[in-house]
Amino acid sequence: MQHGCMERLKRKRGPEVWRFRWSVTGVDGKRLYHKKIVGTVERYPDENAARRSVAGLVLEINTDGRAADSGSMTVAQLCDHFEQRELARENTWRSHATKKVYKAYLSRWIRPHWQKYELAEVRTIQVESWLRGLPLAKSSCAKIRNLMSVLFNHACRYELFDRNPIYLVRQSAKRRQPPTVLVPSEIKALIDNLDIREPTLVLLAASTGLRQSEMFGLKWSDIDFAQNNMYVIRSIVYGVVGPCKTECSQRPVPIHPVLAEALLHWKSGARYTQPTDWVFASKRYRGRRPIWARRSCGNLFVRWRRGSELRSDSDGTLFGTRIRRC
C-alpha cells in the first residue's frame with residue numbers, strides 16, 4: 001500500500017501548485033516513476049485537501065487489477081479523479097470544448113450539491129428530484145444528467161464503484177417553445193443593414209448551414225470557386241483550432257452562385273487573401289487569427305441547422321437552412 005508524495009511547487013507565473021508523485025512496478029520488474037499536477041494552492045489550500053483530491057487515483061494505483069473497494073469515496077473525489085484522467089490537457093479523447101463544458105457543469109452544479117455524498121449514498125430518485133428543481137432549461141438539465149452518468153461510468157471503468165445509479169434517472173430535453181425560423185425576407189433585411197463582412201457571414205450561414213466555429217475556421221484554400229464547393233476541415237471553439245464536430249460536417253458543401261459572388265466580393269476588398277489566410281481574418285492579430293473572439297459576430301449570428309425549406313427564386317434548388325434566433 002503506497003500513498004505517494006505530495007509536493008508544493010513554485011511557478012514563474014501564477015500561484016503555486018501541488019504535484020503528486022508515485023511509482024509503479026513495470027512488467028520487467030523495474031520501478032516507473034510518475035508525477036501529476038493536482039491543482040493550485042488557491043483550489044487546495046493545504047496538503048490534506050490536495051491529498052483528498054487524489055484519493056481515487058491512489059485507490060486505482062493500489063488496486064493493481066484486484067477488485068477495488070471504494071469505501072467512503074465521495075462524489076468530489078470521483079470528480080477529481082475524472083478531471084485528472086479524462087479532462088487533462090494531455091488527454092485527446094475529448095475535444096477542448098467538451099472539456100471546458102464538463103468542467104463548468106462540474107464546478108457550478110454537480111460539486112456544490114453532491115460533493116459530500118459518498119458514491120453509495122447517491123440515489124436515482126434523489127438525482128431526479130434535484131434535476132427537476134434546477135433553474136435551468138430542460139436541455140441543460142439533460143446535459144448535467146448525462147455528465148453524472150459519465151462520472152459513474154468512469155468509476156465503474158476504473159473499478160472504483162460497481163454500479164451507475166444515474167442509469168434510470170429520467171430527464172427530458174424537450175424545448176420549452178419551438179424555434180423561430182427566419183424567412184428569406186428577414187434574412188434580406190438583415191443583410192441590407194450590415195457592412196460588407198457581416199452580410200457575407202450571414203449569407204454563408206443561411207445558405208450552407210455551417211456552424212459558427214466552422215465558418216471562422218475557413219481558409220481561402222478551402223473554397224473551390226471553379227467547382228462551387230467548400231471543404232470544411234476545421235473548426236474553432238473557445239479560441240482553439242480543432243477538427244469538426246462530426247464526420248458528416250467534413251463533407252464538401254456546395255456553394256450557391258449568389259454566395260460565391262458574395263465571397264469573391266469580400267475577397268476583393270479583404271486585406272488577407274492568400275490561400276493559407278483565414279477567410280474572416282482578424283485585423284487585430286494581422287491576419288494570424290480568425291475573428292472568433294469578436295462579440296459582434298456572436299451577437300449577430302443565430303444557430304442554424306442543415307436541411308432547409310428556404311429555396312432560391314430562380315431554379316428552385318436548395319438555397320438555405322433553417323435559422324433559429326438565439
# chains A, B, ... in the order shown; residues from 1 in each chain; ligands from 1

$ residues_around --residues "A:Ile236" --least-positions-apart "2" --cutoff "8 Å" --atoms "only C-alpha atoms" --output "JSON, numbers by chain"
{"A": [213, 214, 216, 217, 234, 238, 239, 240, 241, 242, 292]}

$ write_last_selection --atoms "N, CA, C and O atoms" --output "mmCIF file, in the first residue's frame"
data_model
loop_
_atom_site.group_PDB
_atom_site.id
_atom_site.type_symbol
_atom_site.label_atom_id
_atom_site.label_comp_id
_atom_site.auth_asym_id
_atom_site.auth_seq_id
_atom_site.Cartn_x
_atom_site.Cartn_y
_atom_site.Cartn_z
ATOM 1 N N SER A 213 -18.351 27.993 -35.511
ATOM 2 C CA SER A 213 -16.969 27.525 -35.374
ATOM 3 C C SER A 213 -16.402 27.086 -36.710
ATOM 4 O O SER A 213 -15.201 27.256 -36.973
ATOM 5 N N GLU A 214 -17.235 26.528 -37.589
ATOM 6 C CA GLU A 214 -16.769 26.080 -38.894
ATOM 7 C C GLU A 214 -16.541 27.255 -39.840
ATOM 8 O O GLU A 214 -15.607 27.234 -40.651
ATOM 9 N N PHE A 216 -15.676 30.379 -38.940
ATOM 10 C CA PHE A 216 -14.482 31.104 -38.520
ATOM 11 C C PHE A 216 -13.209 30.318 -38.819
ATOM 12 O O PHE A 216 -12.120 30.885 -38.859
ATOM 13 N N GLY A 217 -13.339 28.988 -39.021
ATOM 14 C CA GLY A 217 -12.179 28.168 -39.336
ATOM 15 C C GLY A 217 -11.890 28.024 -40.811
ATOM 16 O O GLY A 217 -10.965 27.295 -41.190
ATOM 17 N N ARG A 234 -11.933 22.121 -40.500
ATOM 18 C CA ARG A 234 -11.526 22.522 -39.147
ATOM 19 C C ARG A 234 -12.612 23.403 -38.541
ATOM 20 O O ARG A 234 -13.478 23.923 -39.254
ATOM 21 N N TYR A 238 -13.860 28.307 -28.601
ATOM 22 C CA TYR A 238 -13.149 28.915 -27.467
ATOM 23 C C TYR A 238 -11.703 29.261 -27.831
ATOM 24 O O TYR A 238 -10.787 29.103 -27.021
ATOM 25 N N GLY A 239 -11.503 29.681 -29.065
ATOM 26 C CA GLY A 239 -10.184 30.126 -29.484
ATOM 27 C C GLY A 239 -9.214 29.015 -29.815
ATOM 28 O O GLY A 239 -8.034 29.277 -30.050
ATOM 29 N N VAL A 240 -9.657 27.766 -29.861
ATOM 30 C CA VAL A 240 -8.774 26.628 -30.135
ATOM 31 C C VAL A 240 -9.166 25.997 -31.462
ATOM 32 O O VAL A 240 -10.339 25.675 -31.688
ATOM 33 N N VAL A 241 -8.194 25.819 -32.356
ATOM 34 C CA VAL A 241 -8.433 25.209 -33.660
ATOM 35 C C VAL A 241 -8.414 23.697 -33.513
ATOM 36 O O VAL A 241 -7.490 23.119 -32.930
ATOM 37 N N GLY A 242 -9.442 23.039 -34.026
ATOM 38 C CA GLY A 242 -9.528 21.590 -33.931
ATOM 39 C C GLY A 242 -10.352 21.016 -35.060
ATOM 40 O O GLY A 242 -10.779 21.731 -35.976
ATOM 41 N N TRP A 292 -12.714 34.824 -34.187
ATOM 42 C CA TRP A 292 -13.566 34.026 -33.305
ATOM 43 C C TRP A 292 -13.931 34.776 -32.038
ATOM 44 O O TRP A 292 -14.902 34.460 -31.382
#

$ residues_around --residues "stretch 274-279 of chain A" --least-positions-apart "4" --cutoff "6 Å" --atoms "only C-alpha atoms" --output "PDB file with all heavy atoms, in the first residue's frame"
ATOM      1  N   LEU A 218     -12.628  28.722 -41.667  1.00  0.00           N
ATOM      2  CA  LEU A 218     -12.412  28.617 -43.108  1.00  0.00           C
ATOM      3  C   LEU A 218     -11.166  29.383 -43.550  1.00  0.00           C
ATOM      4  O   LEU A 218     -10.893  30.476 -43.062  1.00  0.00           O
ATOM      5  CB  LEU A 218     -13.628  29.155 -43.868  1.00  0.00           C
ATOM      6  CG  LEU A 218     -14.878  28.284 -43.928  1.00  0.00           C
ATOM      7  CD1 LEU A 218     -16.002  29.033 -44.629  1.00  0.00           C
ATOM      8  CD2 LEU A 218     -14.587  26.971 -44.656  1.00  0.00           C
ATOM      9  N   LYS A 219     -10.443  28.791 -44.479  1.00  0.00           N
ATOM     10  CA  LYS A 219      -9.341  29.466 -45.162  1.00  0.00           C
ATOM     11  C   LYS A 219      -9.670  29.517 -46.655  1.00  0.00           C
ATOM     12  O   LYS A 219     -10.480  28.729 -47.154  1.00  0.00           O
ATOM     13  CB  LYS A 219      -8.013  28.740 -44.923  1.00  0.00           C
ATOM     14  CG  LYS A 219      -7.546  28.783 -43.477  1.00  0.00           C
ATOM     15  CD  LYS A 219      -6.156  28.187 -43.319  1.00  0.00           C
ATOM     16  CE  LYS A 219      -5.654  28.328 -41.885  1.00  0.00           C
ATOM     17  NZ  LYS A 219      -4.285  27.801 -41.719  1.00  0.00           N
ATOM     18  N   TRP A 220      -9.011  30.441 -47.351  1.00  0.00           N
ATOM     19  CA  TRP A 220      -9.316  30.602 -48.775  1.00  0.00           C
ATOM     20  C   TRP A 220      -9.006  29.338 -49.568  1.00  0.00           C
ATOM     21  O   TRP A 220      -9.645  29.060 -50.590  1.00  0.00           O
ATOM     22  CB  TRP A 220      -8.550  31.790 -49.342  1.00  0.00           C
ATOM     23  CG  TRP A 220      -9.047  33.121 -48.876  1.00  0.00           C
ATOM     24  CD1 TRP A 220      -8.409  34.019 -48.087  1.00  0.00           C
ATOM     25  CD2 TRP A 220     -10.333  33.702 -49.189  1.00  0.00           C
ATOM     26  NE1 TRP A 220      -9.192  35.113 -47.867  1.00  0.00           N
ATOM     27  CE2 TRP A 220     -10.388  34.961 -48.538  1.00  0.00           C
ATOM     28  CE3 TRP A 220     -11.428  33.295 -49.936  1.00  0.00           C
ATOM     29  CZ2 TRP A 220     -11.487  35.802 -48.615  1.00  0.00           C
ATOM     30  CZ3 TRP A 220     -12.541  34.132 -50.015  1.00  0.00           C
ATOM     31  CH2 TRP A 220     -12.561  35.366 -49.361  1.00  0.00           C
ATOM     32  N   SER A 221      -8.048  28.550 -49.113  1.00  0.00           N
ATOM     33  CA  SER A 221      -7.721  27.308 -49.821  1.00  0.00           C
ATOM     34  C   SER A 221      -8.825  26.269 -49.683  1.00  0.00           C
ATOM     35  O   SER A 221      -8.849  25.283 -50.433  1.00  0.00           O
ATOM     36  CB  SER A 221      -6.409  26.728 -49.271  1.00  0.00           C
ATOM     37  OG  SER A 221      -6.491  26.515 -47.874  1.00  0.00           O
ATOM     38  N   PRO A 290      -8.346  34.085 -36.873  1.00  0.00           N
ATOM     39  CA  PRO A 290      -9.667  34.492 -37.367  1.00  0.00           C
ATOM     40  C   PRO A 290     -10.403  35.305 -36.322  1.00  0.00           C
ATOM     41  O   PRO A 290      -9.900  35.534 -35.221  1.00  0.00           O
ATOM     42  CB  PRO A 290     -10.358  33.152 -37.632  1.00  0.00           C
ATOM     43  CG  PRO A 290      -9.702  32.221 -36.668  1.00  0.00           C
ATOM     44  CD  PRO A 290      -8.279  32.681 -36.519  1.00  0.00           C
TER      45      PRO A 290
END

$ closest_residue --among "A:His265, A:Arg123, A:His96, A:Arg251" --to "A:Val237" --atoms "only C-alpha atoms"
A:His96

$ residues_around --residues "stretch 16-30 of chain A" --least-positions-apart "2" --cutoff "12 Å" --atoms "only C-alpha atoms" --output "ChimeraX atom specification"
/A:1-14,32-55,57-58,60-64,84

$ write_last_selection --atoms "N, CA and C atoms" --output "short mmCIF file (atom, residue, chain, number, x, y, z; two decimals), in the first residue's frame"
data_model
loop_
_atom_site.label_atom_id
_atom_site.label_comp_id
_atom_site.auth_asym_id
_atom_site.auth_seq_id
_atom_site.Cartn_x
_atom_site.Cartn_y
_atom_site.Cartn_z
N MET A 1 0.85 -1.20 0.00
CA MET A 1 0.00 0.00 0.00
C MET A 1 0.87 1.24 0.00
N GLN A 2 0.74 2.05 -1.03
CA GLN A 2 1.53 3.29 -1.10
C GLN A 2 0.60 4.49 -1.15
N HIS A 3 1.10 5.59 -0.61
CA HIS A 3 0.32 6.82 -0.55
C HIS A 3 0.89 7.92 -1.44
N GLY A 4 2.07 7.70 -2.03
CA GLY A 4 2.66 8.70 -2.89
C GLY A 4 3.22 9.88 -2.11
N CYS A 5 3.71 10.85 -2.86
CA CYS A 5 4.32 12.04 -2.26
C CYS A 5 3.66 13.29 -2.85
N MET A 6 3.26 14.20 -1.99
CA MET A 6 2.63 15.45 -2.42
C MET A 6 3.62 16.59 -2.19
N GLU A 7 3.91 17.33 -3.26
CA GLU A 7 4.88 18.43 -3.18
C GLU A 7 4.20 19.75 -3.55
N ARG A 8 4.72 20.81 -2.98
CA ARG A 8 4.23 22.16 -3.30
C ARG A 8 5.32 22.86 -4.10
N LEU A 9 4.98 23.27 -5.32
CA LEU A 9 5.97 23.84 -6.24
C LEU A 9 5.63 25.28 -6.58
N LYS A 10 6.67 26.06 -6.79
CA LYS A 10 6.51 27.44 -7.24
C LYS A 10 6.58 27.49 -8.76
N ARG A 11 5.90 28.47 -9.33
CA ARG A 11 5.94 28.67 -10.78
C ARG A 11 6.39 30.09 -11.08
N LYS A 12 6.90 30.25 -12.28
CA LYS A 12 7.32 31.60 -12.69
C LYS A 12 6.14 32.53 -12.78
N ARG A 13 5.02 32.00 -13.20
CA ARG A 13 3.80 32.79 -13.31
C ARG A 13 2.66 32.05 -12.63
N GLY A 14 1.82 32.80 -11.97
CA GLY A 14 0.66 32.21 -11.33
C GLY A 14 0.95 31.68 -9.94
N LEU A 32 8.76 2.40 -12.13
CA LEU A 32 8.50 3.52 -13.03
C LEU A 32 7.89 4.65 -12.21
N TYR A 33 8.48 5.83 -12.32
CA TYR A 33 8.06 6.96 -11.51
C TYR A 33 7.17 7.90 -12.34
N HIS A 34 6.11 8.35 -11.72
CA HIS A 34 5.14 9.23 -12.38
C HIS A 34 4.91 10.46 -11.52
N LYS A 35 4.45 11.52 -12.18
CA LYS A 35 4.10 12.75 -11.45
C LYS A 35 2.95 13.43 -12.17
N LYS A 36 2.14 14.16 -11.40
CA LYS A 36 0.95 14.79 -11.96
C LYS A 36 0.63 16.05 -11.16
N ILE A 37 0.34 17.14 -11.89
CA ILE A 37 -0.08 18.37 -11.24
C ILE A 37 -1.53 18.22 -10.78
N VAL A 38 -1.76 18.41 -9.49
CA VAL A 38 -3.09 18.22 -8.92
C VAL A 38 -3.94 19.48 -9.07
N GLY A 39 -3.35 20.64 -8.73
CA GLY A 39 -4.08 21.90 -8.79
C GLY A 39 -3.31 22.98 -8.06
N THR A 40 -3.86 24.16 -8.07
CA THR A 40 -3.19 25.29 -7.43
C THR A 40 -3.51 25.33 -5.93
N VAL A 41 -2.71 26.10 -5.19
CA VAL A 41 -2.95 26.26 -3.76
C VAL A 41 -4.22 27.07 -3.51
N GLU A 42 -4.68 27.80 -4.52
CA GLU A 42 -5.95 28.51 -4.36
C GLU A 42 -7.12 27.54 -4.31
N ARG A 43 -7.03 26.47 -5.06
CA ARG A 43 -8.10 25.46 -5.07
C ARG A 43 -7.96 24.49 -3.89
N TYR A 44 -6.70 24.11 -3.57
CA TYR A 44 -6.43 23.21 -2.46
C TYR A 44 -5.47 23.92 -1.51
N PRO A 45 -5.98 24.58 -0.47
CA PRO A 45 -5.14 25.43 0.39
C PRO A 45 -4.10 24.69 1.19
N ASP A 46 -4.30 23.39 1.51
CA ASP A 46 -3.32 22.66 2.29
C ASP A 46 -3.11 21.27 1.69
N GLU A 47 -2.14 20.55 2.25
CA GLU A 47 -1.78 19.24 1.71
C GLU A 47 -2.93 18.23 1.88
N ASN A 48 -3.65 18.33 2.98
CA ASN A 48 -4.76 17.40 3.20
C ASN A 48 -5.83 17.53 2.12
N ALA A 49 -6.13 18.77 1.76
CA ALA A 49 -7.11 18.99 0.69
C ALA A 49 -6.60 18.45 -0.64
N ALA A 50 -5.31 18.63 -0.91
CA ALA A 50 -4.74 18.12 -2.15
C ALA A 50 -4.74 16.60 -2.17
N ARG A 51 -4.48 15.98 -1.01
CA ARG A 51 -4.48 14.52 -0.95
C ARG A 51 -5.89 13.95 -1.11
N ARG A 52 -6.87 14.64 -0.57
CA ARG A 52 -8.24 14.17 -0.75
C ARG A 52 -8.64 14.16 -2.23
N SER A 53 -8.07 15.09 -2.99
CA SER A 53 -8.42 15.17 -4.40
C SER A 53 -7.84 14.02 -5.21
N VAL A 54 -6.81 13.36 -4.72
CA VAL A 54 -6.20 12.24 -5.45
C VAL A 54 -6.55 10.90 -4.80
N ALA A 55 -7.59 10.89 -3.97
CA ALA A 55 -7.98 9.64 -3.30
C ALA A 55 -8.34 8.56 -4.32
N LEU A 57 -7.24 8.34 -7.41
CA LEU A 57 -6.01 7.93 -8.10
C LEU A 57 -5.20 6.98 -7.23
N VAL A 58 -5.10 7.27 -5.92
CA VAL A 58 -4.37 6.38 -5.01
C VAL A 58 -5.04 5.02 -4.95
N GLU A 60 -6.82 3.64 -7.28
CA GLU A 60 -6.54 2.97 -8.56
C GLU A 60 -5.13 2.41 -8.60
N ILE A 61 -4.15 3.16 -8.07
CA ILE A 61 -2.76 2.71 -8.07
C ILE A 61 -2.60 1.44 -7.24
N ASN A 62 -3.25 1.41 -6.08
CA ASN A 62 -3.09 0.28 -5.18
C ASN A 62 -3.97 -0.91 -5.51
N THR A 63 -4.94 -0.70 -6.44
CA THR A 63 -5.80 -1.82 -6.81
C THR A 63 -5.03 -2.89 -7.55
N ASP A 64 -4.25 -2.48 -8.56
CA ASP A 64 -3.36 -3.38 -9.29
C ASP A 64 -4.10 -4.61 -9.84
N GLN A 84 -8.66 14.48 -13.57
CA GLN A 84 -7.26 14.12 -13.72
C GLN A 84 -7.02 13.14 -14.85
#

$ select_by_dssp --residues "stretch 229-265 of chain A" --states "strand (DSSP E or B)" --output "ChimeraX atom specification"
/A:229-230,235-237,240-242,253-254

$ write_last_selection --atoms "C-alpha atoms" --output "mmCIF file, in the first residue's frame"
data_model
loop_
_atom_site.group_PDB
_atom_site.id
_atom_site.type_symbol
_atom_site.label_atom_id
_atom_site.label_comp_id
_atom_site.auth_asym_id
_atom_site.auth_seq_id
_atom_site.Cartn_x
_atom_site.Cartn_y
_atom_site.Cartn_z
ATOM 1 C CA ASN A 229 -17.592 23.626 -53.441
ATOM 2 C CA MET A 230 -16.403 24.372 -49.932
ATOM 3 C CA SER A 235 -13.453 24.446 -36.537
ATOM 4 C CA ILE A 236 -12.596 26.989 -33.856
ATOM 5 C CA VAL A 237 -14.209 26.747 -30.424
ATOM 6 C CA VAL A 240 -8.774 26.628 -30.135
ATOM 7 C CA VAL A 241 -8.433 25.209 -33.660
ATOM 8 C CA GLY A 242 -9.528 21.590 -33.931
ATOM 9 C CA VAL A 253 -20.547 21.794 -49.057
ATOM 10 C CA PRO A 254 -21.977 23.119 -52.350
#

$ closest_residue --among "A:Ala137, A:Leu131, A:Leu151, A:Leu59" --to "A:Glu83" --atoms "only C-alpha atoms"
A:Leu151

$ select_by_dssp --residues "stretch 220-259 of chain A" --states "helix (DSSP H, G or I)" --output "PyMOL selection string"
chain A and resi 220-222+248-250+257-259

$ closest_atom_pairs --of "stretch 137-238 of chain A" --to "stretch 98-119 of chain A" --cutoff "8 Å" --atoms "only C-alpha atoms" --output "CSV"
residue,atom,partner,partner_atom,distance
A:Ile144,CA,A:Tyr105,CA,6.7
A:Leu147,CA,A:Tyr102,CA,7.3
A:Met148,CA,A:Ile110,CA,7.8
A:Phe161,CA,A:Leu119,CA,7.5

$ closest_residue --among "A:Gln171, A:Asn146, A:Leu201, A:Pro243" --to "A:Leu134" --atoms "only C-alpha atoms"
A:Gln171

$ residues_around --residues "stretch 184-193 of chain A" --least-positions-apart "3" --cutoff "8 Å" --atoms "only C-alpha atoms" --output "list of chain:residue names"
A:Glu198, A:Pro199, A:Val202, A:Leu203, A:Ala206, A:Leu310

$ residues_around --residues "A:Pro252" --least-positions-apart "3" --cutoff "12 Å" --atoms "only C-alpha atoms" --output "number ranges by chain"
A: 208, 210, 222-224, 227-233, 247-249, 255

$ write_last_selection --atoms "all heavy atoms" --output "short mmCIF file (atom, residue, chain, number, x, y, z; two decimals), in the first residue's frame"
data_model
loop_
_atom_site.label_atom_id
_atom_site.label_comp_id
_atom_site.auth_asym_id
_atom_site.auth_seq_id
_atom_site.Cartn_x
_atom_site.Cartn_y
_atom_site.Cartn_z
N THR A 208 -25.55 27.61 -46.29
CA THR A 208 -24.80 26.37 -46.11
C THR A 208 -25.12 25.65 -44.82
O THR A 208 -24.94 24.44 -44.72
CB THR A 208 -23.28 26.64 -46.13
OG1 THR A 208 -22.93 27.49 -45.03
CG2 THR A 208 -22.87 27.29 -47.44
N LEU A 210 -23.50 26.08 -42.03
CA LEU A 210 -22.29 25.86 -41.25
C LEU A 210 -22.45 26.42 -39.85
O LEU A 210 -23.13 27.41 -39.62
CB LEU A 210 -21.09 26.54 -41.93
CG LEU A 210 -20.66 26.03 -43.30
CD1 LEU A 210 -19.44 26.80 -43.78
CD2 LEU A 210 -20.35 24.55 -43.24
N ASP A 222 -9.75 26.47 -48.73
CA ASP A 222 -10.85 25.52 -48.54
C ASP A 222 -12.01 25.75 -49.52
O ASP A 222 -12.91 24.92 -49.58
CB ASP A 222 -11.40 25.62 -47.11
CG ASP A 222 -10.33 25.35 -46.07
OD1 ASP A 222 -9.40 24.59 -46.37
OD2 ASP A 222 -10.43 25.92 -44.96
N ILE A 223 -11.96 26.85 -50.26
CA ILE A 223 -13.06 27.20 -51.16
C ILE A 223 -12.62 26.99 -52.61
O ILE A 223 -11.61 27.56 -53.05
CB ILE A 223 -13.50 28.66 -50.95
CG1 ILE A 223 -13.90 28.88 -49.50
CG2 ILE A 223 -14.67 29.00 -51.87
CD1 ILE A 223 -14.25 30.32 -49.18
N ASP A 224 -13.36 26.17 -53.33
CA ASP A 224 -13.09 25.90 -54.74
C ASP A 224 -14.15 26.63 -55.57
O ASP A 224 -15.27 26.13 -55.76
CB ASP A 224 -13.13 24.39 -55.00
CG ASP A 224 -12.70 24.03 -56.42
OD1 ASP A 224 -12.53 24.96 -57.25
OD2 ASP A 224 -12.56 22.83 -56.71
N GLN A 227 -15.37 24.75 -58.89
CA GLN A 227 -16.34 23.67 -58.74
C GLN A 227 -17.52 24.06 -57.86
O GLN A 227 -18.43 23.24 -57.65
CB GLN A 227 -15.64 22.44 -58.13
CG GLN A 227 -14.50 21.89 -58.96
CD GLN A 227 -14.97 21.36 -60.29
OE1 GLN A 227 -16.09 20.83 -60.40
NE2 GLN A 227 -14.14 21.47 -61.32
N ASN A 228 -17.49 25.29 -57.35
CA ASN A 228 -18.55 25.75 -56.44
C ASN A 228 -18.73 24.80 -55.25
O ASN A 228 -19.83 24.35 -54.92
CB ASN A 228 -19.87 25.91 -57.18
CG ASN A 228 -19.93 27.22 -57.95
OD1 ASN A 228 -19.17 28.14 -57.68
ND2 ASN A 228 -20.83 27.29 -58.92
N ASN A 229 -17.59 24.50 -54.61
CA ASN A 229 -17.59 23.63 -53.44
C ASN A 229 -16.79 24.27 -52.31
O ASN A 229 -15.89 25.08 -52.55
CB ASN A 229 -16.99 22.25 -53.76
CG ASN A 229 -18.02 21.31 -54.35
OD1 ASN A 229 -19.21 21.45 -54.09
ND2 ASN A 229 -17.57 20.36 -55.15
N MET A 230 -17.11 23.89 -51.11
CA MET A 230 -16.40 24.37 -49.93
C MET A 230 -16.05 23.16 -49.07
O MET A 230 -16.89 22.29 -48.82
CB MET A 230 -17.29 25.34 -49.14
CG MET A 230 -16.66 25.92 -47.89
SD MET A 230 -17.85 26.96 -47.02
CE MET A 230 -18.22 28.19 -48.28
N TYR A 231 -14.80 23.07 -48.61
CA TYR A 231 -14.33 21.95 -47.83
C TYR A 231 -14.14 22.39 -46.38
O TYR A 231 -13.25 23.19 -46.08
CB TYR A 231 -13.04 21.39 -48.41
CG TYR A 231 -13.20 20.92 -49.84
CD1 TYR A 231 -12.93 21.77 -50.92
CD2 TYR A 231 -13.66 19.63 -50.13
CE1 TYR A 231 -13.11 21.35 -52.22
CE2 TYR A 231 -13.83 19.20 -51.44
CZ TYR A 231 -13.56 20.07 -52.48
OH TYR A 231 -13.73 19.65 -53.77
N VAL A 232 -14.96 21.87 -45.51
CA VAL A 232 -14.92 22.24 -44.10
C VAL A 232 -14.06 21.20 -43.38
O VAL A 232 -14.49 20.06 -43.17
CB VAL A 232 -16.34 22.28 -43.50
CG1 VAL A 232 -16.30 22.75 -42.06
CG2 VAL A 232 -17.24 23.18 -44.33
N ILE A 233 -12.86 21.56 -43.00
CA ILE A 233 -11.92 20.60 -42.42
C ILE A 233 -11.48 20.97 -41.02
O ILE A 233 -10.73 20.23 -40.39
CB ILE A 233 -10.67 20.46 -43.32
CG1 ILE A 233 -9.98 21.81 -43.48
CG2 ILE A 233 -11.05 19.88 -44.68
CD1 ILE A 233 -8.70 21.73 -44.31
N GLU A 247 -18.13 13.73 -38.37
CA GLU A 247 -17.57 13.37 -39.67
C GLU A 247 -18.44 13.91 -40.79
O GLU A 247 -17.94 14.28 -41.86
CB GLU A 247 -17.45 11.85 -39.78
CG GLU A 247 -16.42 11.24 -38.82
CD GLU A 247 -16.30 9.75 -38.99
OE1 GLU A 247 -17.04 9.20 -39.85
OE2 GLU A 247 -15.51 9.12 -38.28
N CYS A 248 -19.74 13.96 -40.55
CA CYS A 248 -20.65 14.48 -41.57
C CYS A 248 -20.36 15.94 -41.87
O CYS A 248 -20.56 16.40 -43.01
CB CYS A 248 -22.10 14.30 -41.10
SG CYS A 248 -23.34 14.87 -42.28
N SER A 249 -19.87 16.68 -40.87
CA SER A 249 -19.58 18.10 -41.07
C SER A 249 -18.43 18.32 -42.04
O SER A 249 -18.30 19.40 -42.61
CB SER A 249 -19.25 18.75 -39.73
OG SER A 249 -20.31 18.60 -38.81
N ILE A 255 -21.71 25.44 -53.00
CA ILE A 255 -21.84 26.89 -52.87
C ILE A 255 -22.81 27.40 -53.93
O ILE A 255 -22.64 27.14 -55.12
CB ILE A 255 -20.47 27.59 -53.04
CG1 ILE A 255 -19.48 27.05 -52.01
CG2 ILE A 255 -20.61 29.09 -52.89
CD1 ILE A 255 -18.08 27.63 -52.19
#

$ closest_residue --among "A:Arg85, A:Lys283, A:Asn153, A:Pro178" --to "A:Arg271" --atoms "only C-alpha atoms"
A:Lys283

$ closest_residue --among "A:Leu182, A:Gly209, A:Leu78, A:Arg89" --to "A:Cys156" --atoms "only C-alpha atoms"
A:Leu78
